[in-house]
Structure formats: C-alpha cells, structure tokens
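Structure, as structure tokens:
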Amino acid sequence: MAAIVGRAPLRPGTIEREAFGAWVDPHWATMAHLARRLAPAGEWEDVLQEALGAAWRKRGQYDPGRGSPRNWLLAVVADQARKGHRRRRAFDVLEDGAVDDVRADLDLARALRRLTARQRAAIELHYYLGLPVAEVAEVLGCSPGTVKSTLSDARARLRRELGEEYRHA
Amino acid sequence: MPELDLDQRLRDDAARQPEIVPPPLDAALARLDVPARLHTGRVLLAVAACVLLVAGLALALTLATGGEDGATPVGGPSASGLPPTRGSEVLRYVRNTGFDGALLVPGEPRALDVLLPYGTDAGECSVFEPQLVITQDASTVRVRVAGYQYLPKPKPGQDYVGFTCAGAGERAVRVTLDEPLGDRTLRDAIAADKRPVVPGDPADFPSPAHLPAGFHVTAAEPASAAAGRDFASRTYSRGDATLVLEVGPPDADIESPLDHVLRHVDVDGHRATLTGDGSEQVLRWSEGASGRVRQLVYYLGHNYLSVDELVQVAGSLS
C-alpha cells in the first residue's frame, strides 16, 4: 500500500481502488465495529461508507510515521461518526412524538451516551476495541497522557451516572 | 452495596457485544463514486440497526410484575397507549430509567420538550417502550421514564432474559405541565445524578447580528452534559444550505487530525481556522480569556457563501 498511500493520483482507476481495498480489508470489520458503537442510531452503515470515502479521498494524508493504517482508519471512522452526530443536530427538527415511539437504554449504554464525544471515543477504543492507550492516542491525535486523563474523566462520569459504588481502579 | 469494578463491567460488556457483520467491502468500494447519504433522518431511524447491548446474558431481568399476563404489572404505572399484547408477546413493566434533558418551548410556557434516548429494533433484540410519568407540586416537577418490554411469556419457574437495544439517538417528546415550570425545580426521578435538570432556553443561544439574506433559524439546542453534547448550537437554513453556530468549552468535541485546513482568517481579532471538504466547511476559533470555542459549520448548498461572508457572520456573533 506504500505505493498507494502517500500520493494522490489524478485519476484513480480500478487498479488503484483494488489496492486501496486490499489495504483496508484487514481493518474493515474493526472499522464497522467502531462505526456501530459511535455512529448515531441507525446510521452506522452510512457512517462506515462515509469513512471509506473519506479514507479514499484523504489517503495521501496517511503518514506511516504517525501510526498504523488501522489506527488511521479508525480515526477516520471516529471523525465521520462525530460529523454524523453534528449533522443530526443540525438537520433534525424537534417534533411531537407519541410516547410509545421512543426507546430507552439500559443503564450502561445510557451512561456511555452521556459522555462527551472525546470521552466516548476513548472508552470505545480502549475497552470495546481493546486498543492500548498509546494507540488510542494515535487515533485521537493526542498524547497518551491526554488519553489517560480523558479515560479517567470518563470513568468518573460513568460512576456518577451509574450511581453504584464502583471501585476506583 | 458491594463495590463494583467499573473497568471489569466495561470489559464484560465489550465481551458480550455481538459480532458485527460489516457490509461487503467490494460493494462499499463500488459506491465510492456515489454521493453518500450520511444523514437520512428519522426514516432511517425507524428501519436501521440499533446498537445492541446484550444485557440479559449477565442480567437476568426478573421482572417486577405481579399480574399473570403481565399487562398490568404490580408497581408499574399504567402503560397508556400500549397494547397489552403484540403477537404472542405480552407487555411487561421492566424498569424505570431517566431522561437526557429538556428544552423550554418559546410561547408555550406550560410546555416542555423532554429529550429521551431513542433506539430502534433491528429484530435481534427487544426494546423498551418508555412512558413518561410526570409528578409535580408547587416546588418540583419530576419526570420518570417507565420502561416496558414486549416479551414472550416465561414457562413456570423461568425468569426473563432481556436483550435490549441501546439506541444512540435522542428525540424530544413534548409534555404539557399543569402550570408553567417557572421557578420550580425540574428533576429526573430516576437518574443516579440527583442534581436538578436545567432546561435549555432556545433564546439563550449565541446568535449573529448579521446573516446573509434568506437564512432563517430552524433549530436550537442547549449544551447538555446529561446528553453528552458539548456545544450549544443554533441552526439556520436557506434552501439546501445550512449554517450551524456552536459554542462550547475549550476541550469540547474531537479535534480531527484529518481536517483539511483551507486557510486561516481573522474573526473579530481572533485567529480562526477554516477547514473543510466538498460538503462542509468549519470555521473554528477560541475566545480570548475564556478559551471557549466557537465554530461556524457551513453545509454547502447550491447558493454558496464566500469565505468573506462566513467571516462576517462569525464576527457578528453575540
């Protein structure tokens, strides 16, 4: 993929796309997992498709010196999920609704939703995708120390929301 | 209550997540030339998959029901508007939950838009059927969300095992109070966080003194820690062009390392960064002393605004 990523061809053709697909393929399921966890309800496949498109367009920005392909692709997914939430805020119109049309969460899922976007992404990457702190930092584009403090803040928030006597790890 | 390990609970929850079957990569690659439909609104919400939380594998929900048929559970409020049965399933009162926030409604002092979590049923899990329960007196308005679920009847001696969808969305349900909220305290009757809920007032959001002709406000949302929303926002539209004005704390949102910087511009004495791609442009800057971040997001329509026009709008924010 080194021949593909790092330059942006003027007219991407089939061969170029196949090589890109081969580059993405090992990480596609992980991208889907993160999209499903972070995207607005019902939009994860759209977010995944948007992320693939963004990765295709921005593949020239990938810098192997700053992280693995997987983490760069996960950053793209997280970015598209964030934009998906913003678009939903922008375009959804509040409307009256029948009460029986709405749904509620279990406590943990609901508490996760109450995290900020950065906290949520850090939790999802670290706990649900199993990335170590250093790799979460690559995805979020910040230092490992910032990730640690973000995770700490997120856990504190979750403890408050869950309201149970969770042990401080 | 014994101490619980949050780390372990998160890891356990992660381990219970079902395998995600992504769409075929080949098909997704073939769609790269087709403009993606990122935002598809509530229609998609009704049909698309939910985030699945397989709660029941670890949490057998012994439902607090007393009636044999479960339609009128002991201890549960009446589920008005919900049929007692759906096919072979019966409606069971499961549990209470909280809400995400509330908005005042301009011109309707007794009305309140209560923000509720919203999920969809992908057929692989049951969903809660929430009912709002409002109790109010001279000093306090309490809102409780009572959750119901359609579940098959258990065999004698069996407990229910709940598989519950956890949606990532949110929607507003308008309720009418006996009298205006006024100085009364709004409380979530269920949430562990016992602090009062401060409803957002759409009139409180930053607004520009200057807007290009034809734009009109279409939405306003407060920042809501309860809902994990960093920014207060106000949205304006003109045809298919949309402007979103947002303000939030310095550490809000995710700074994307992928945003393509188009240029730097001056907004009212602050250095602002314009990023964007083919569908949107984001003008972002920080206020001096407070460090609060303001950003203006422009979803491009057919009637393009120039960068100068965006800067003019940004510079006129109150």
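Identifiers in the structure tokens: chain A, B, ... in order shown; residue index from 1 per chain; ligand index from 1 in order shown.
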- [ ] Find the spatial neighbours of B:Leu243, counting only C-alpha atoms, within a cut-off of 8 Å - ignore same-chain residues fewer than 6 positions away - and output them as number ranges by chain.
- [x] B: 235-237, 296-299
Spatial neighbours of B:Leu245, 10 Å, only C-alpha atoms, chain gap at least 4 places, as a compact mmCIF listing (two decimals) with C-alpha atoms, in the first residue's frame:
# COMPACT_ATOMS: atom_id res chain seq x y z
CA ALA A 90 -28.29 20.39 12.53
CA PHE B 205 -28.01 30.65 22.34
CA PRO B 206 -25.46 32.75 20.55
CA SER B 207 -26.92 34.46 17.57
CA PRO B 208 -25.37 36.55 14.82
CA ALA B 220 -31.58 25.42 18.62
CA PHE B 231 -21.94 22.62 22.22
CA ALA B 232 -24.94 24.87 22.37
CA SER B 233 -25.99 25.29 18.81
CA ARG B 234 -28.31 27.27 16.63
CA THR B 235 -29.07 26.27 13.08
CA TYR B 236 -30.07 28.46 10.14
CA VAL B 282 -15.90 24.63 9.51
CA LEU B 283 -14.66 27.96 10.81
CA ARG B 294 -16.87 28.91 18.77
CA GLN B 295 -17.37 27.36 15.44
CA LEU B 296 -19.49 28.02 12.45
CA VAL B 297 -20.29 24.98 10.35
CA TYR B 298 -21.50 25.57 6.84
CA VAL B 313 -21.37 36.09 10.15
CA ALA B 314 -18.82 34.76 12.62
CA LEU B 317 -21.92 36.65 16.93
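Minimum distance to A:Pro40 across A:Ala117, A:Ala81, A:Leu162, A:Val133 (counting only C-alpha atoms) occurs at A:Ala81.
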TODO: Can you pull out every residue within 8 Å of stretch 119-125 of chain A, counting only C-alpha atoms, but drop anything in the same chain fewer than 2 positions away, and send it as JSON, numbers by chain?
DONE: {"A": [34, 37, 38, 78, 112, 113, 115, 116, 117, 127, 128, 129, 130, 131, 136, 140, 147, 150, 151, 153, 154]}
TODO: Could you tell me which of B:Val261, B:Leu103, B:Leu10, B:Leu112 comes closest to B:Gly276 if we count only C-alpha atoms?
DONE: B:Val261
TODO: Excluding A:Leu73 and residues on its chain fewer than 4 positions from it, collect all residues at most 10 Å away from it, counting only C-alpha atoms, and give them as a list in words.
DONE: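 Answer for this query is Val24, His27, Trp28, Thr30, Met31, Ala51, Leu52, Ala54, Ala55, Arg59, Tyr62, Ser68, Pro69, Val77, Ala78, Asp79 and Val139 of chain A.
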Selection from above, N, CA and C atoms, as a tab-separated table (two decimals), in the first residue's frame, can you write it?
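After the write, selection38.tsv holds the following:
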chain	number	residue	atom	x	y	z
A	24	VAL	N	-7.43	-1.72	3.02
A	24	VAL	CA	-8.47	-1.51	4.03
A	24	VAL	C	-8.98	-2.84	4.58
A	27	HIS	N	-8.84	-4.34	8.10
A	27	HIS	CA	-9.34	-3.50	9.18
A	27	HIS	C	-10.83	-3.18	9.03
A	28	TRP	N	-11.45	-3.71	8.01
A	28	TRP	CA	-12.82	-3.35	7.68
A	28	TRP	C	-13.79	-3.71	8.80
A	30	THR	N	-13.12	-4.12	11.96
A	30	THR	CA	-12.87	-3.26	13.12
A	30	THR	C	-13.47	-1.88	12.89
A	31	MET	N	-13.35	-1.39	11.67
A	31	MET	CA	-13.97	-0.10	11.34
A	31	MET	C	-15.49	-0.19	11.53
A	51	ALA	N	-16.88	6.96	5.90
A	51	ALA	CA	-15.49	6.83	6.35
A	51	ALA	C	-14.63	6.23	5.25
A	52	LEU	N	-15.17	5.25	4.57
A	52	LEU	CA	-14.41	4.64	3.48
A	52	LEU	C	-14.13	5.68	2.39
A	54	ALA	N	-14.03	8.92	2.80
A	54	ALA	CA	-13.08	9.92	3.31
A	54	ALA	C	-11.66	9.35	3.30
A	55	ALA	N	-11.53	8.08	3.67
A	55	ALA	CA	-10.20	7.46	3.66
A	55	ALA	C	-9.65	7.40	2.24
A	59	ARG	N	-6.34	9.53	1.48
A	59	ARG	CA	-5.30	8.52	1.68
A	59	ARG	C	-3.91	9.10	1.54
A	62	TYR	N	-2.18	9.92	4.87
A	62	TYR	CA	-1.72	8.90	5.82
A	62	TYR	C	-0.20	8.95	5.92
A	68	SER	N	-0.35	3.30	12.77
A	68	SER	CA	-0.63	2.18	11.88
A	68	SER	C	-1.80	2.52	10.95
A	69	PRO	N	-1.91	1.80	9.83
A	69	PRO	CA	-3.08	2.00	8.96
A	69	PRO	C	-4.39	1.81	9.71
A	77	VAL	N	-13.06	6.86	10.92
A	77	VAL	CA	-14.40	6.43	11.34
A	77	VAL	C	-14.90	7.32	12.49
A	78	ALA	N	-14.04	7.54	13.48
A	78	ALA	CA	-14.46	8.37	14.61
A	78	ALA	C	-14.83	9.77	14.14
A	79	ASP	N	-14.07	10.28	13.19
A	79	ASP	CA	-14.34	11.62	12.67
A	79	ASP	C	-15.69	11.66	11.95
A	139	VAL	N	-5.17	7.34	17.44
A	139	VAL	CA	-6.46	7.53	16.78
A	139	VAL	C	-7.00	8.94	17.06
Task: Counting only C-alpha atoms, the residue of B:Val173, B:Leu115, B:Val143, B:Leu91 that sits nearest chain A - done: B:Val173
TODO: Counting only C-alpha atoms, figure out which residue out of B:Gln8, B:Thr140, B:Thr185, B:Ser290 gets nearest to chain A.
DONE: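 Using only C-alpha atoms, chain A sits closest to B:Gln8.
The gap separating atom CA of B:Gln136 from atom CA of B:Pro180 is 10.9 Å, in Å to one decimal.
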Open item on the list: Report as a VMD selection string all protein, DNA and RNA residues lying within 9 Å of A:Glu45, evaluated on only C-alpha atoms, omitting residues in the same chain fewer than 3 positions from it.
Closed with: (chain A and resid 32 35 to 36 39 42 48 to 50) or (chain B and resid 22 to 23 48 to 49)
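Between atom CA of B:Ser139 and atom CA of B:Gly182 lies a distance of 9.4 Å.
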Open item on the list: Run DSSP on the backbone and tell me which residues of stretch 18-145 of chain A come out as alpha helix (DSSP H); list them as number ranges by chain.
Closed with: A: 18-24, 28-38, 44-57, 69-91, 107-113, 117-123, 133-140, 144-145
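Nearest residue to chain A among B:Pro109, B:Pro212, B:Pro250, B:Gly81 is B:Gly81, counting only C-alpha atoms.
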Task: Residue with smallest distance to B:Gly269 - pool B:Val311, B:Ile190, B:Leu132, B:Leu25, counting only C-alpha atoms - done: B:Val311
